[in-house]
Amino acid sequence: MAKPAVVVVGADKGGVGKTTVSRTLLDYFSANNVPTRAFDTESPRGTLKRFHPDITEIVDMTTTADQMKIFDTLNAVSPSVTVIDVRAGLLSPALASLRDIGFLDAAKAGQITFAVFHILGPSIASLEEIAETAGFMGGAKYFLVKNFINDTQFFQWDQATYNSYFHRIKDATELTIPKLNEMAYEQVEVSSVPFLKFVANKGINDEAANYSFVLRGYVRHWLANVWSEFDRIRLTDIVGSKPVTRNSEK
Amino acid sequence: MPATPVYIICSPRPQVGKTLLARLLSEFLLLKNGNVAAFDVNLKEPSLLDYLPKVTETADVIDTYGKMQLMDRVILDDGVAKVIDLGFHAFDEFFKMTDEIGLLKEAARRHVAPQILFVADTDRASARAHEMLRGQIPRMNLVTVDNEYVVRGELPPAMATGRLFRLPALPGFLKTYIDRLNFSFTGYLRREKDSSTELHQWTRRNYIAFRELELSLILQRS
């Protein structure tokens with residue numbers, strides 16, 4: 001049986017695109033035939049649940065009962081990959097809880113694969129969270145995700161500032177999520193389907209839809225760029241699955 | 001059933017004859033098929049809309065909404081041939097978009113046949129643009145238009161390979177004649193009893209060339 005893998009997606013600021021990244025991860029795993037379950041901590045009404053209702057459960061990570069629901073079942077159930085979309089502002093407290101219950105030690109001991117996608121916002125305050133989060137990352141894969149939701153530059157124009165945040169943490173890997181056309185994003189929002197289904201012009205129940213060809217094209221192009229980042233970090237290897245040849249690559 | 005053709009007449013340069021070609025082609029398609037849908041993507045140049053108001057609508061590719069309005073229409077396999085007169089200002093943005101959204105793949109899926117008619121010029125911008133198109137567009141979908149009035153000699157070698165469409169030059173006085181807003185090529189063919197006139201022969205030659213272009217499209221796809 002594959003080693004269980006837990007992927008935490010979090011941010012200490014709201015509105016940086018955390019759940020968008022979670023959605024691209026779920027689509028990526030789906031396209032690579034990696035059985036996945038997801039937990040959405042935006043209790044009681046979760047965005048992730050809206051887009052991936054069949055595999056997502058809403059939980060409240062501050063309650064012991066829901067912590068048990070997630071972590072006590074890691075070894076017991078398939079699928080072996082768990083994605084947790086942590087509510088904005090709760091990344092560090094969530095990691096502290098994982099440390100307290102021994103989860104981080106289990107990851108360090110190699111019993112569990114643990115990866116954190118830390119979604120960054122373009123503010124100094126957000127970047128300062130990197131050091132705080134990095135303190136929990138022994139034994140885990142730590143990904144710093146620059147999500148270009150607008151024309152922010154993440155201080156790339158100021159090398160000294162950029163290096164002081166992004167190159168400070170050893171073994172942290174940067175990921176770049178490019179900007180998605182705003183209208184395309186909005187149409188996906190309205191459709192309430194995963195990105196993959198939107199590109200395939202399908203509705204919630206797989207019925208034929210009538211989305212704009214232009215917007216589907218923009219989403220396809222964007223998703224391909226995002227997935228090429230996941231390919232670059234060998235995400236399927238990290239979670240213990242073999243990559244498959246996706247339809248778009250045939 | 002043949003695929004629905006979409007002719008995209010383009011150049012990164014102004015005043016090379018795009019609108020003239022769009023007029024000719026639209027009138028040919030209207031004569032042959034009974035209908036055509038023409039799209040005028042121009043800001044300030046004398047425009048197709050002025051010449052063929054009944055079959056032309058304006059379009060733009062500046063913002064996403066404009067792109068959707070144009071491309072979601074153009075990708076339909078409704079049997080109505082489409083002609084896009086793509087203004088020089090929109091050249092880069094249009095082909096950046098078509099590359100990103102995968103126009104050619106989607107067109108193939110939907111039984112729509114885009115034909116890029118690139119009106120050549122001898123300057124560097126045209127050379128760069130043609131090179132870009134050669135990289136993006138399959139050979140069977142790219143036609144280089146040699147407008148003799150503009151090129152005045154040999155086409156640059158890189159443009160002379162591939163499919164060519166020659167647009168012979170007209171004498172200056174005839175050019176002035178056809179530039180009038182109320183001039184119709186088909187109307188002229190019907191009205192002018194003397195088929196030996198230069199304009200009559202020029203128009204018929206171009207209409208025959210368009211028919212050959214259509215036939216080559218059908219042959220490629222069969």
# chains A, B, ... in the order shown; residues from 1 in each chain; ligands from 1
>>> select_by_dssp(residues="segment 70-160 of chain A", states="alpha helix (DSSP H)", output="NGL selection string")
:A and (70-71 or 91-100 or 103-108 or 124-134 or 159-160)
>>> interface_residues(of="chain B", to="chain A", cutoff="9 Å", atoms="only C-alpha atoms", output="list in words")
Thr64, Tyr65, Lys67, Met68, Met71, Asp72, Ile75, Met97, Thr98, Glu100, Ile101, Gly102, Leu103 and Glu106 of chain B
>>> write_last_selection(atoms="N, CA and C atoms", output="PDB file, in the first residue's frame")
ATOM      1  N   THR B  64     -11.119  41.119 -23.591  1.00  0.00           N
ATOM      2  CA  THR B  64     -11.588  39.732 -23.609  1.00  0.00           C
ATOM      3  C   THR B  64     -13.000  39.638 -24.167  1.00  0.00           C
ATOM      4  N   TYR B  65     -13.823  40.594 -23.801  1.00  0.00           N
ATOM      5  CA  TYR B  65     -15.204  40.552 -24.260  1.00  0.00           C
ATOM      6  C   TYR B  65     -15.263  40.637 -25.787  1.00  0.00           C
ATOM      7  N   LYS B  67     -12.939  39.768 -27.863  1.00  0.00           N
ATOM      8  CA  LYS B  67     -12.417  38.514 -28.410  1.00  0.00           C
ATOM      9  C   LYS B  67     -13.492  37.434 -28.395  1.00  0.00           C
ATOM     10  N   MET B  68     -14.234  37.375 -27.301  1.00  0.00           N
ATOM     11  CA  MET B  68     -15.301  36.382 -27.200  1.00  0.00           C
ATOM     12  C   MET B  68     -16.365  36.634 -28.257  1.00  0.00           C
ATOM     13  N   MET B  71     -14.648  35.588 -31.714  1.00  0.00           N
ATOM     14  CA  MET B  71     -14.189  34.214 -31.936  1.00  0.00           C
ATOM     15  C   MET B  71     -15.278  33.180 -31.679  1.00  0.00           C
ATOM     16  N   ASP B  72     -16.173  33.448 -30.735  1.00  0.00           N
ATOM     17  CA  ASP B  72     -17.244  32.484 -30.487  1.00  0.00           C
ATOM     18  C   ASP B  72     -18.208  32.425 -31.678  1.00  0.00           C
ATOM     19  N   ILE B  75     -16.053  30.468 -34.802  1.00  0.00           N
ATOM     20  CA  ILE B  75     -15.743  29.050 -34.621  1.00  0.00           C
ATOM     21  C   ILE B  75     -16.961  28.174 -34.908  1.00  0.00           C
ATOM     22  N   MET B  97      -3.586  35.630 -29.096  1.00  0.00           N
ATOM     23  CA  MET B  97      -4.808  34.997 -28.592  1.00  0.00           C
ATOM     24  C   MET B  97      -5.033  33.640 -29.261  1.00  0.00           C
ATOM     25  N   THR B  98      -4.927  33.590 -30.595  1.00  0.00           N
ATOM     26  CA  THR B  98      -5.238  32.343 -31.295  1.00  0.00           C
ATOM     27  C   THR B  98      -4.281  31.241 -30.876  1.00  0.00           C
ATOM     28  N   GLU B 100      -2.803  31.048 -27.853  1.00  0.00           N
ATOM     29  CA  GLU B 100      -3.133  30.652 -26.469  1.00  0.00           C
ATOM     30  C   GLU B 100      -4.386  29.812 -26.386  1.00  0.00           C
ATOM     31  N   ILE B 101      -5.404  30.191 -27.107  1.00  0.00           N
ATOM     32  CA  ILE B 101      -6.681  29.486 -26.964  1.00  0.00           C
ATOM     33  C   ILE B 101      -6.774  28.265 -27.862  1.00  0.00           C
ATOM     34  N   GLY B 102      -5.761  28.046 -28.706  1.00  0.00           N
ATOM     35  CA  GLY B 102      -5.771  26.843 -29.533  1.00  0.00           C
ATOM     36  C   GLY B 102      -6.824  26.896 -30.624  1.00  0.00           C
ATOM     37  N   LEU B 103      -6.840  27.990 -31.365  1.00  0.00           N
ATOM     38  CA  LEU B 103      -7.875  28.160 -32.391  1.00  0.00           C
ATOM     39  C   LEU B 103      -7.846  27.038 -33.422  1.00  0.00           C
ATOM     40  N   GLU B 106      -9.167  23.679 -32.128  1.00  0.00           N
ATOM     41  CA  GLU B 106     -10.608  23.734 -31.893  1.00  0.00           C
ATOM     42  C   GLU B 106     -11.352  23.785 -33.225  1.00  0.00           C
TER      43      GLU B 106
END
>>> residues_around(residues="Phe51 of chain A", least_positions_apart="5", cutoff="10 Å", atoms="only C-alpha atoms", output="CSV table (one decimal) with N, CA and C atoms, in the first residue's frame")
chain,number,residue,atom,x,y,z
A,23,ARG,N,-7.7,23.8,-6.1
A,23,ARG,CA,-8.5,23.3,-7.2
A,23,ARG,C,-7.6,22.7,-8.4
A,26,LEU,N,-6.3,19.4,-7.3
A,26,LEU,CA,-7.2,18.3,-7.5
A,26,LEU,C,-7.4,17.9,-8.9
A,46,GLY,N,-17.8,25.9,2.1
A,46,GLY,CA,-16.5,25.9,1.4
A,46,GLY,C,-16.5,26.0,-0.1
A,56,THR,N,-14.7,16.1,-1.6
A,56,THR,CA,-14.4,17.1,-0.6
A,56,THR,C,-15.3,17.0,0.6
A,188,VAL,N,-15.7,30.5,-14.9
A,188,VAL,CA,-15.5,29.2,-14.2
A,188,VAL,C,-16.2,29.3,-12.8
A,189,GLU,N,-16.1,30.4,-12.2
A,189,GLU,CA,-16.8,30.6,-10.9
A,189,GLU,C,-18.3,30.4,-11.0
A,191,SER,N,-19.9,28.8,-13.4
A,191,SER,CA,-20.2,27.5,-13.8
A,191,SER,C,-20.2,26.5,-12.7
A,192,SER,N,-19.4,26.8,-11.6
A,192,SER,CA,-19.2,25.9,-10.5
A,192,SER,C,-18.7,24.5,-10.8
A,193,VAL,N,-17.9,24.4,-11.9
A,193,VAL,CA,-17.3,23.1,-12.3
A,193,VAL,C,-15.8,23.2,-12.1
A,194,PRO,N,-15.1,22.1,-12.0
A,194,PRO,CA,-13.7,22.2,-11.9
A,194,PRO,C,-13.1,22.7,-13.2
A,195,PHE,N,-11.9,23.2,-13.1
A,195,PHE,CA,-11.2,23.8,-14.3
A,195,PHE,C,-11.2,22.8,-15.5
A,204,ILE,N,-22.0,20.4,-14.6
A,204,ILE,CA,-21.8,19.8,-13.3
A,204,ILE,C,-22.0,18.3,-13.4
>>> atom_distance(atom1="atom CA of Ser26 of chain B", atom2="atom CA of Val83 of chain B")
6.6 Å
>>> select_by_dssp(residues="segment 54-205 of chain A", states="strand (DSSP E)", output="number ranges by chain")
A: 56-58, 81-85, 113-120, 141-147, 172-177
>>> write_last_selection(atoms="N, CA and C atoms", output="PDB file, in the first residue's frame")
ATOM      1  N   THR A  56     -14.718  16.078  -1.615  1.00  0.00           N
ATOM      2  CA  THR A  56     -14.371  17.074  -0.591  1.00  0.00           C
ATOM      3  C   THR A  56     -15.345  17.028   0.580  1.00  0.00           C
ATOM      4  N   GLU A  57     -14.765  17.117   1.768  1.00  0.00           N
ATOM      5  CA  GLU A  57     -15.582  17.226   2.971  1.00  0.00           C
ATOM      6  C   GLU A  57     -15.234  18.527   3.677  1.00  0.00           C
ATOM      7  N   ILE A  58     -16.219  19.151   4.228  1.00  0.00           N
ATOM      8  CA  ILE A  58     -15.954  20.378   4.988  1.00  0.00           C
ATOM      9  C   ILE A  58     -15.674  20.000   6.437  1.00  0.00           C
ATOM     10  N   VAL A  81      -3.930   9.952  -1.042  1.00  0.00           N
ATOM     11  CA  VAL A  81      -3.510  11.352  -1.108  1.00  0.00           C
ATOM     12  C   VAL A  81      -4.623  12.216  -0.523  1.00  0.00           C
ATOM     13  N   THR A  82      -4.255  13.051   0.427  1.00  0.00           N
ATOM     14  CA  THR A  82      -5.210  13.947   1.084  1.00  0.00           C
ATOM     15  C   THR A  82      -4.765  15.379   0.845  1.00  0.00           C
ATOM     16  N   VAL A  83      -5.671  16.178   0.336  1.00  0.00           N
ATOM     17  CA  VAL A  83      -5.379  17.602   0.159  1.00  0.00           C
ATOM     18  C   VAL A  83      -6.210  18.371   1.185  1.00  0.00           C
ATOM     19  N   ILE A  84      -5.549  19.244   1.909  1.00  0.00           N
ATOM     20  CA  ILE A  84      -6.261  20.040   2.903  1.00  0.00           C
ATOM     21  C   ILE A  84      -6.110  21.508   2.563  1.00  0.00           C
ATOM     22  N   ASP A  85      -7.229  22.137   2.311  1.00  0.00           N
ATOM     23  CA  ASP A  85      -7.245  23.566   2.009  1.00  0.00           C
ATOM     24  C   ASP A  85      -7.502  24.278   3.343  1.00  0.00           C
ATOM     25  N   THR A 113       4.146  11.110   3.768  1.00  0.00           N
ATOM     26  CA  THR A 113       4.676  12.173   2.910  1.00  0.00           C
ATOM     27  C   THR A 113       3.884  13.442   3.200  1.00  0.00           C
ATOM     28  N   PHE A 114       4.615  14.518   3.482  1.00  0.00           N
ATOM     29  CA  PHE A 114       3.942  15.757   3.861  1.00  0.00           C
ATOM     30  C   PHE A 114       4.466  16.887   2.990  1.00  0.00           C
ATOM     31  N   ALA A 115       3.551  17.605   2.357  1.00  0.00           N
ATOM     32  CA  ALA A 115       3.947  18.750   1.516  1.00  0.00           C
ATOM     33  C   ALA A 115       3.079  19.939   1.865  1.00  0.00           C
ATOM     34  N   VAL A 116       3.701  21.101   1.883  1.00  0.00           N
ATOM     35  CA  VAL A 116       2.955  22.326   2.157  1.00  0.00           C
ATOM     36  C   VAL A 116       3.103  23.274   0.977  1.00  0.00           C
ATOM     37  N   PHE A 117       1.993  23.701   0.444  1.00  0.00           N
ATOM     38  CA  PHE A 117       1.983  24.746  -0.582  1.00  0.00           C
ATOM     39  C   PHE A 117       1.585  26.039   0.123  1.00  0.00           C
ATOM     40  N   HIS A 118       2.584  26.889   0.321  1.00  0.00           N
ATOM     41  CA  HIS A 118       2.360  28.146   1.026  1.00  0.00           C
ATOM     42  C   HIS A 118       2.092  29.220  -0.023  1.00  0.00           C
ATOM     43  N   ILE A 119       0.852  29.668  -0.087  1.00  0.00           N
ATOM     44  CA  ILE A 119       0.480  30.636  -1.123  1.00  0.00           C
ATOM     45  C   ILE A 119       0.807  32.036  -0.617  1.00  0.00           C
ATOM     46  N   LEU A 120       1.614  32.719  -1.375  1.00  0.00           N
ATOM     47  CA  LEU A 120       2.113  34.014  -0.919  1.00  0.00           C
ATOM     48  C   LEU A 120       1.338  35.163  -1.528  1.00  0.00           C
ATOM     49  N   LYS A 141       8.035  18.662   2.436  1.00  0.00           N
ATOM     50  CA  LYS A 141       8.340  19.401   1.196  1.00  0.00           C
ATOM     51  C   LYS A 141       7.666  20.768   1.315  1.00  0.00           C
ATOM     52  N   TYR A 142       8.434  21.799   1.125  1.00  0.00           N
ATOM     53  CA  TYR A 142       7.899  23.150   1.324  1.00  0.00           C
ATOM     54  C   TYR A 142       7.927  23.886  -0.005  1.00  0.00           C
ATOM     55  N   PHE A 143       6.755  24.302  -0.457  1.00  0.00           N
ATOM     56  CA  PHE A 143       6.654  24.998  -1.736  1.00  0.00           C
ATOM     57  C   PHE A 143       6.142  26.415  -1.516  1.00  0.00           C
ATOM     58  N   LEU A 144       6.930  27.370  -1.976  1.00  0.00           N
ATOM     59  CA  LEU A 144       6.511  28.772  -1.919  1.00  0.00           C
ATOM     60  C   LEU A 144       5.831  29.095  -3.245  1.00  0.00           C
ATOM     61  N   VAL A 145       4.548  29.440  -3.158  1.00  0.00           N
ATOM     62  CA  VAL A 145       3.772  29.594  -4.386  1.00  0.00           C
ATOM     63  C   VAL A 145       3.483  31.067  -4.633  1.00  0.00           C
ATOM     64  N   LYS A 146       4.035  31.565  -5.711  1.00  0.00           N
ATOM     65  CA  LYS A 146       3.740  32.941  -6.126  1.00  0.00           C
ATOM     66  C   LYS A 146       2.551  32.875  -7.072  1.00  0.00           C
ATOM     67  N   ASN A 147       1.423  33.299  -6.564  1.00  0.00           N
ATOM     68  CA  ASN A 147       0.208  33.225  -7.369  1.00  0.00           C
ATOM     69  C   ASN A 147      -0.080  34.611  -7.951  1.00  0.00           C
ATOM     70  N   ALA A 172      13.440  25.129   0.208  1.00  0.00           N
ATOM     71  CA  ALA A 172      12.106  25.577  -0.211  1.00  0.00           C
ATOM     72  C   ALA A 172      12.129  25.715  -1.723  1.00  0.00           C
ATOM     73  N   THR A 173      11.071  25.280  -2.357  1.00  0.00           N
ATOM     74  CA  THR A 173      11.006  25.337  -3.823  1.00  0.00           C
ATOM     75  C   THR A 173       9.964  26.362  -4.230  1.00  0.00           C
ATOM     76  N   GLU A 174      10.320  27.196  -5.188  1.00  0.00           N
ATOM     77  CA  GLU A 174       9.368  28.202  -5.673  1.00  0.00           C
ATOM     78  C   GLU A 174       8.520  27.645  -6.796  1.00  0.00           C
ATOM     79  N   LEU A 175       7.268  28.006  -6.758  1.00  0.00           N
ATOM     80  CA  LEU A 175       6.362  27.686  -7.856  1.00  0.00           C
ATOM     81  C   LEU A 175       5.722  28.979  -8.327  1.00  0.00           C
ATOM     82  N   THR A 176       5.485  29.046  -9.614  1.00  0.00           N
ATOM     83  CA  THR A 176       4.832  30.242 -10.154  1.00  0.00           C
ATOM     84  C   THR A 176       3.503  29.846 -10.773  1.00  0.00           C
ATOM     85  N   ILE A 177       2.454  30.460 -10.279  1.00  0.00           N
ATOM     86  CA  ILE A 177       1.137  30.262 -10.883  1.00  0.00           C
ATOM     87  C   ILE A 177       0.835  31.530 -11.680  1.00  0.00           C
TER      88      ILE A 177
END
>>> residues_around(residues="Gly79 of chain B", least_positions_apart="2", cutoff="10 Å", atoms="only C-alpha atoms", output="list in words")
Met1, Pro2, Ala3, Thr4, Pro5, Asn33, Asn35, Val36, Leu76, Asp77, Ala81, Lys82, His111 and Val112 of chain B
>>> write_last_selection(atoms="N, CA and C atoms", output="PDB file, in the first residue's frame")
ATOM      1  N   MET B   1     -19.874  17.056 -46.516  1.00  0.00           N
ATOM      2  CA  MET B   1     -20.152  18.488 -46.301  1.00  0.00           C
ATOM      3  C   MET B   1     -18.823  19.227 -46.040  1.00  0.00           C
ATOM      4  N   PRO B   2     -18.494  20.208 -46.866  1.00  0.00           N
ATOM      5  CA  PRO B   2     -17.206  20.872 -46.655  1.00  0.00           C
ATOM      6  C   PRO B   2     -17.199  21.669 -45.346  1.00  0.00           C
ATOM      7  N   ALA B   3     -16.000  21.859 -44.811  1.00  0.00           N
ATOM      8  CA  ALA B   3     -15.867  22.624 -43.564  1.00  0.00           C
ATOM      9  C   ALA B   3     -16.219  24.088 -43.818  1.00  0.00           C
ATOM     10  N   THR B   4     -16.676  24.754 -42.785  1.00  0.00           N
ATOM     11  CA  THR B   4     -16.979  26.181 -42.900  1.00  0.00           C
ATOM     12  C   THR B   4     -15.669  26.961 -42.924  1.00  0.00           C
ATOM     13  N   PRO B   5     -15.387  27.698 -44.001  1.00  0.00           N
ATOM     14  CA  PRO B   5     -14.109  28.406 -44.067  1.00  0.00           C
ATOM     15  C   PRO B   5     -14.156  29.724 -43.292  1.00  0.00           C
ATOM     16  N   ASN B  33     -22.180  31.880 -52.718  1.00  0.00           N
ATOM     17  CA  ASN B  33     -22.934  31.151 -51.696  1.00  0.00           C
ATOM     18  C   ASN B  33     -24.263  31.800 -51.314  1.00  0.00           C
ATOM     19  N   ASN B  35     -24.468  34.094 -49.138  1.00  0.00           N
ATOM     20  CA  ASN B  35     -24.263  34.825 -47.887  1.00  0.00           C
ATOM     21  C   ASN B  35     -22.817  34.725 -47.440  1.00  0.00           C
ATOM     22  N   VAL B  36     -22.452  35.627 -46.574  1.00  0.00           N
ATOM     23  CA  VAL B  36     -21.100  35.679 -45.995  1.00  0.00           C
ATOM     24  C   VAL B  36     -21.216  36.497 -44.722  1.00  0.00           C
ATOM     25  N   LEU B  76     -18.066  28.766 -35.301  1.00  0.00           N
ATOM     26  CA  LEU B  76     -19.279  27.978 -35.536  1.00  0.00           C
ATOM     27  C   LEU B  76     -19.254  27.340 -36.917  1.00  0.00           C
ATOM     28  N   ASP B  77     -19.597  26.070 -36.961  1.00  0.00           N
ATOM     29  CA  ASP B  77     -19.726  25.376 -38.244  1.00  0.00           C
ATOM     30  C   ASP B  77     -21.162  25.528 -38.730  1.00  0.00           C
ATOM     31  N   ALA B  81     -19.499  31.157 -44.720  1.00  0.00           N
ATOM     32  CA  ALA B  81     -18.090  31.542 -44.770  1.00  0.00           C
ATOM     33  C   ALA B  81     -17.888  32.858 -44.029  1.00  0.00           C
ATOM     34  N   LYS B  82     -16.739  32.978 -43.360  1.00  0.00           N
ATOM     35  CA  LYS B  82     -16.428  34.184 -42.590  1.00  0.00           C
ATOM     36  C   LYS B  82     -15.188  34.854 -43.179  1.00  0.00           C
ATOM     37  N   HIS B 111     -14.953  21.249 -37.381  1.00  0.00           N
ATOM     38  CA  HIS B 111     -15.194  21.230 -38.834  1.00  0.00           C
ATOM     39  C   HIS B 111     -15.224  22.654 -39.401  1.00  0.00           C
ATOM     40  N   VAL B 112     -14.311  23.479 -38.891  1.00  0.00           N
ATOM     41  CA  VAL B 112     -14.157  24.852 -39.381  1.00  0.00           C
ATOM     42  C   VAL B 112     -12.743  24.961 -39.933  1.00  0.00           C
TER      43      VAL B 112
END
>>> atom_distance(atom1="atom CA of Thr58 of chain B", atom2="atom CA of Val6 of chain B")
16.0 Å
>>> residues_around(residues="Thr144 of chain B", least_positions_apart="6", cutoff="8 Å", atoms="only C-alpha atoms", output="PDB file with C-alpha atoms, in the first residue's frame")
ATOM      1  CA  LEU B 117      -4.252  35.304 -45.826  1.00  0.00           C
ATOM      2  CA  PHE B 118      -1.118  37.260 -44.973  1.00  0.00           C
ATOM      3  CA  VAL B 119      -0.708  40.314 -47.178  1.00  0.00           C
ATOM      4  CA  ALA B 120       3.030  40.615 -47.711  1.00  0.00           C
ATOM      5  CA  MET B 159       7.605  34.422 -48.045  1.00  0.00           C
ATOM      6  CA  ALA B 160       7.786  32.987 -51.546  1.00  0.00           C
ATOM      7  CA  GLY B 162       4.377  27.967 -49.317  1.00  0.00           C
ATOM      8  CA  ARG B 163       0.999  28.793 -50.749  1.00  0.00           C
ATOM      9  CA  LEU B 164       0.743  32.043 -52.694  1.00  0.00           C
ATOM     10  CA  PHE B 165      -2.082  34.235 -53.893  1.00  0.00           C
TER      11      PHE B 165
END
>>> residues_around(residues="Gly139 of chain A", least_positions_apart="2", cutoff="9 Å", atoms="only C-alpha atoms", output="ChimeraX atom specification")
/A:104-110,113-114,136-137,141
>>> closest_residue(among="B:Leu181, B:Ile62, B:Val55, B:Leu29", to="Glu214 of chain B", atoms="only C-alpha atoms")
B:Leu29
>>> residues_around(residues="segment 89-92 of chain A", least_positions_apart="3", cutoff="6 Å", atoms="only C-alpha atoms", output="MDAnalysis selection string")
chainID A and resid 10:13 95
>>> atom_distance(atom1="atom CA of Ala38 of chain B", atom2="atom CA of Pro53 of chain B")
9.3 Å
>>> closest_residue(among="A:Ala31, A:Asn201, A:Gln111, A:Asp171", to="Ala134 of chain A", atoms="only C-alpha atoms")
A:Asp171
